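Enquirer: Can you keep this structure in mind? I'll have questions shortly.
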Amino acid sequence: MKVVVDLSRCKGYAQCAFLAPEAFRMHGEEALMYDPNPDDTQRDQVLRAAAACPVQAILVDQLEGRDAPAEASAS
């Protein structure tokens, strides 16, 4: 799983940090720090955190699901 946060959109509401504290944390009052490759055991928490973001600044890319069709079409 890969996580990308659009930090220009992030407003520091910290909903993600409450819902997935191992993947997202606030540094000070406004700066978000995050793990771009959280462990799969955190998948549900990360997906809930992304869904709860008021400005939808969190993108979660499940690479294995995206890559399969591209490999099939390349043959």
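Naming scheme: A, B, ... for chains in displayed order of the structure tokens; residues 1 onward per chain; ligands 1 onward as shown.
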List the spatial neighbours of range 55-58 of chain A as JSON, numbers by chain - criterion: any atom at most 12 Å away, only C-alpha atoms, same-chain residues fewer than 4 positions off excluded.
Expert: {"A": [2, 3, 4, 5, 6, 7, 8, 9, 10, 11, 12, 13, 14, 15, 16, 17, 23, 24, 32, 34, 35, 36, 46, 47, 48, 49, 50, 51]}
Enquirer: Could you turn the residues from that selection into a file that holds C-alpha atoms, as a PDB file, in the first residue's frame?
Expert:
```pdb
ATOM      1  CA  LYS A   2       1.264   3.474  -0.837  1.00  0.00           C
ATOM      2  CA  VAL A   3       0.017   6.690   0.755  1.00  0.00           C
ATOM      3  CA  VAL A   4       0.405  10.179  -0.675  1.00  0.00           C
ATOM      4  CA  VAL A   5      -0.796  13.311   1.087  1.00  0.00           C
ATOM      5  CA  ASP A   6      -1.288  16.521  -0.857  1.00  0.00           C
ATOM      6  CA  LEU A   7       0.289  18.775   1.745  1.00  0.00           C
ATOM      7  CA  SER A   8      -0.879  21.894  -0.081  1.00  0.00           C
ATOM      8  CA  ARG A   9      -4.482  20.760   0.530  1.00  0.00           C
ATOM      9  CA  CYS A  10      -3.946  19.515   4.085  1.00  0.00           C
ATOM     10  CA  LYS A  11      -5.297  21.979   6.644  1.00  0.00           C
ATOM     11  CA  GLY A  12      -4.072  20.170   9.764  1.00  0.00           C
ATOM     12  CA  TYR A  13      -7.465  18.935  10.988  1.00  0.00           C
ATOM     13  CA  ALA A  14      -5.608  15.804  12.220  1.00  0.00           C
ATOM     14  CA  GLN A  15      -8.490  13.381  11.715  1.00  0.00           C
ATOM     15  CA  CYS A  16      -5.996  11.009  10.085  1.00  0.00           C
ATOM     16  CA  ALA A  17      -3.689  11.165  13.110  1.00  0.00           C
ATOM     17  CA  ALA A  23       0.758   6.091   9.799  1.00  0.00           C
ATOM     18  CA  PHE A  24      -0.039   9.785  10.414  1.00  0.00           C
ATOM     19  CA  LEU A  32       1.568  16.550   9.089  1.00  0.00           C
ATOM     20  CA  TYR A  34       3.159  10.406   7.455  1.00  0.00           C
ATOM     21  CA  ASP A  35       4.474   7.003   6.475  1.00  0.00           C
ATOM     22  CA  PRO A  36       4.277   6.728   2.671  1.00  0.00           C
ATOM     23  CA  VAL A  46      -5.398   4.127   6.795  1.00  0.00           C
ATOM     24  CA  LEU A  47      -8.449   3.759   4.545  1.00  0.00           C
ATOM     25  CA  ARG A  48     -10.700   5.132   7.303  1.00  0.00           C
ATOM     26  CA  ALA A  49      -8.292   8.023   7.844  1.00  0.00           C
ATOM     27  CA  ALA A  50      -8.291   8.852   4.123  1.00  0.00           C
ATOM     28  CA  ALA A  51     -12.098   8.743   4.012  1.00  0.00           C
TER      29      ALA A  51
END
```
Enquirer: Per DSSP on the backbone, what are the helix (DSSP H, G or I) residues of chain A, as number ranges by chain?
Expert: A: 15-19, 40-52, 63-74
Enquirer: Would you mind exporting the chosen residues as a PDB file, in the first residue's frame, restricted to N, CA and C atoms?
Expert:
```pdb
ATOM      1  N   GLN A  15      -7.612  14.545  11.628  1.00  0.00           N
ATOM      2  CA  GLN A  15      -8.490  13.381  11.715  1.00  0.00           C
ATOM      3  C   GLN A  15      -7.711  12.107  11.414  1.00  0.00           C
ATOM      4  N   CYS A  16      -6.802  12.177  10.446  1.00  0.00           N
ATOM      5  CA  CYS A  16      -5.996  11.009  10.085  1.00  0.00           C
ATOM      6  C   CYS A  16      -5.129  10.558  11.253  1.00  0.00           C
ATOM      7  N   ALA A  17      -4.559  11.500  11.982  1.00  0.00           N
ATOM      8  CA  ALA A  17      -3.689  11.165  13.110  1.00  0.00           C
ATOM      9  C   ALA A  17      -4.467  10.480  14.233  1.00  0.00           C
ATOM     10  N   PHE A  18      -5.735  10.823  14.391  1.00  0.00           N
ATOM     11  CA  PHE A  18      -6.562  10.168  15.405  1.00  0.00           C
ATOM     12  C   PHE A  18      -6.948   8.759  14.965  1.00  0.00           C
ATOM     13  N   LEU A  19      -7.221   8.583  13.674  1.00  0.00           N
ATOM     14  CA  LEU A  19      -7.709   7.299  13.177  1.00  0.00           C
ATOM     15  C   LEU A  19      -6.608   6.302  12.833  1.00  0.00           C
ATOM     16  N   ASP A  40       0.701  -3.381   5.768  1.00  0.00           N
ATOM     17  CA  ASP A  40      -0.638  -3.833   5.390  1.00  0.00           C
ATOM     18  C   ASP A  40      -1.538  -4.112   6.585  1.00  0.00           C
ATOM     19  N   THR A  41      -0.955  -4.330   7.754  1.00  0.00           N
ATOM     20  CA  THR A  41      -1.782  -4.539   8.942  1.00  0.00           C
ATOM     21  C   THR A  41      -2.533  -3.267   9.328  1.00  0.00           C
ATOM     22  N   GLN A  42      -2.105  -2.118   8.797  1.00  0.00           N
ATOM     23  CA  GLN A  42      -2.743  -0.834   9.085  1.00  0.00           C
ATOM     24  C   GLN A  42      -3.755  -0.422   8.005  1.00  0.00           C
ATOM     25  N   ARG A  43      -3.979  -1.298   7.028  1.00  0.00           N
ATOM     26  CA  ARG A  43      -4.818  -0.964   5.871  1.00  0.00           C
ATOM     27  C   ARG A  43      -6.176  -0.365   6.248  1.00  0.00           C
ATOM     28  N   ASP A  44      -6.917  -1.019   7.126  1.00  0.00           N
ATOM     29  CA  ASP A  44      -8.252  -0.528   7.474  1.00  0.00           C
ATOM     30  C   ASP A  44      -8.190   0.845   8.132  1.00  0.00           C
ATOM     31  N   GLN A  45      -7.231   1.029   9.037  1.00  0.00           N
ATOM     32  CA  GLN A  45      -7.095   2.325   9.708  1.00  0.00           C
ATOM     33  C   GLN A  45      -6.740   3.415   8.705  1.00  0.00           C
ATOM     34  N   VAL A  46      -5.827   3.133   7.785  1.00  0.00           N
ATOM     35  CA  VAL A  46      -5.398   4.127   6.795  1.00  0.00           C
ATOM     36  C   VAL A  46      -6.549   4.477   5.856  1.00  0.00           C
ATOM     37  N   LEU A  47      -7.309   3.486   5.424  1.00  0.00           N
ATOM     38  CA  LEU A  47      -8.449   3.759   4.545  1.00  0.00           C
ATOM     39  C   LEU A  47      -9.512   4.597   5.249  1.00  0.00           C
ATOM     40  N   ARG A  48      -9.749   4.308   6.531  1.00  0.00           N
ATOM     41  CA  ARG A  48     -10.700   5.132   7.303  1.00  0.00           C
ATOM     42  C   ARG A  48     -10.187   6.556   7.460  1.00  0.00           C
ATOM     43  N   ALA A  49      -8.888   6.693   7.696  1.00  0.00           N
ATOM     44  CA  ALA A  49      -8.292   8.023   7.844  1.00  0.00           C
ATOM     45  C   ALA A  49      -8.427   8.814   6.548  1.00  0.00           C
ATOM     46  N   ALA A  50      -8.171   8.177   5.417  1.00  0.00           N
ATOM     47  CA  ALA A  50      -8.291   8.852   4.123  1.00  0.00           C
ATOM     48  C   ALA A  50      -9.740   9.283   3.875  1.00  0.00           C
ATOM     49  N   ALA A  51     -10.683   8.419   4.211  1.00  0.00           N
ATOM     50  CA  ALA A  51     -12.098   8.743   4.012  1.00  0.00           C
ATOM     51  C   ALA A  51     -12.556   9.871   4.926  1.00  0.00           C
ATOM     52  N   ALA A  52     -11.948   9.979   6.104  1.00  0.00           N
ATOM     53  CA  ALA A  52     -12.357  10.993   7.080  1.00  0.00           C
ATOM     54  C   ALA A  52     -11.730  12.357   6.838  1.00  0.00           C
ATOM     55  N   LEU A  63      -1.197  -0.741  -4.922  1.00  0.00           N
ATOM     56  CA  LEU A  63      -0.433  -1.003  -6.135  1.00  0.00           C
ATOM     57  C   LEU A  63      -0.712  -2.360  -6.760  1.00  0.00           C
ATOM     58  N   GLU A  64      -0.882  -3.380  -5.954  1.00  0.00           N
ATOM     59  CA  GLU A  64      -1.080  -4.706  -6.520  1.00  0.00           C
ATOM     60  C   GLU A  64      -2.352  -4.780  -7.359  1.00  0.00           C
ATOM     61  N   GLY A  65      -3.391  -4.079  -6.985  1.00  0.00           N
ATOM     62  CA  GLY A  65      -4.633  -4.074  -7.750  1.00  0.00           C
ATOM     63  C   GLY A  65      -4.510  -3.272  -9.028  1.00  0.00           C
ATOM     64  N   ARG A  66      -3.732  -2.225  -9.025  1.00  0.00           N
ATOM     65  CA  ARG A  66      -3.579  -1.361 -10.190  1.00  0.00           C
ATOM     66  C   ARG A  66      -2.654  -1.988 -11.227  1.00  0.00           C
ATOM     67  N   ASP A  67      -1.629  -2.695 -10.790  1.00  0.00           N
ATOM     68  CA  ASP A  67      -0.641  -3.228 -11.722  1.00  0.00           C
ATOM     69  C   ASP A  67      -1.131  -4.428 -12.521  1.00  0.00           C
ATOM     70  N   ALA A  68      -2.039  -5.212 -11.981  1.00  0.00           N
ATOM     71  CA  ALA A  68      -2.461  -6.440 -12.656  1.00  0.00           C
ATOM     72  C   ALA A  68      -3.026  -6.191 -14.065  1.00  0.00           C
ATOM     73  N   PRO A  69      -3.954  -5.255 -14.280  1.00  0.00           N
ATOM     74  CA  PRO A  69      -4.478  -5.047 -15.626  1.00  0.00           C
ATOM     75  C   PRO A  69      -3.418  -4.538 -16.592  1.00  0.00           C
ATOM     76  N   ALA A  70      -2.487  -3.728 -16.146  1.00  0.00           N
ATOM     77  CA  ALA A  70      -1.465  -3.182 -17.024  1.00  0.00           C
ATOM     78  C   ALA A  70      -0.566  -4.307 -17.550  1.00  0.00           C
ATOM     79  N   GLU A  71      -0.256  -5.267 -16.692  1.00  0.00           N
ATOM     80  CA  GLU A  71       0.569  -6.389 -17.129  1.00  0.00           C
ATOM     81  C   GLU A  71      -0.176  -7.245 -18.143  1.00  0.00           C
ATOM     82  N   ALA A  72      -1.467  -7.428 -17.936  1.00  0.00           N
ATOM     83  CA  ALA A  72      -2.257  -8.256 -18.845  1.00  0.00           C
ATOM     84  C   ALA A  72      -2.387  -7.596 -20.208  1.00  0.00           C
ATOM     85  N   SER A  73      -2.534  -6.270 -20.257  1.00  0.00           N
ATOM     86  CA  SER A  73      -2.692  -5.570 -21.527  1.00  0.00           C
ATOM     87  C   SER A  73      -1.380  -5.427 -22.272  1.00  0.00           C
ATOM     88  N   ALA A  74      -0.258  -5.518 -21.571  1.00  0.00           N
ATOM     89  CA  ALA A  74       1.046  -5.362 -22.225  1.00  0.00           C
ATOM     90  C   ALA A  74       1.436  -6.590 -23.041  1.00  0.00           C
TER      91      ALA A  74
END
```
Enquirer: So which residues of chain A fall under strand (DSSP E or B) by DSSP, listed as a list in words?
Expert: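 DSSP on the backbone gives strand (DSSP E or B) at Lys2, Val3, Val4, Val5, Phe24, Arg25, Met26, His27, Ala31, Leu32, Met33, Tyr34, Ile58, Leu59, Val60 and Asp61 of chain A.
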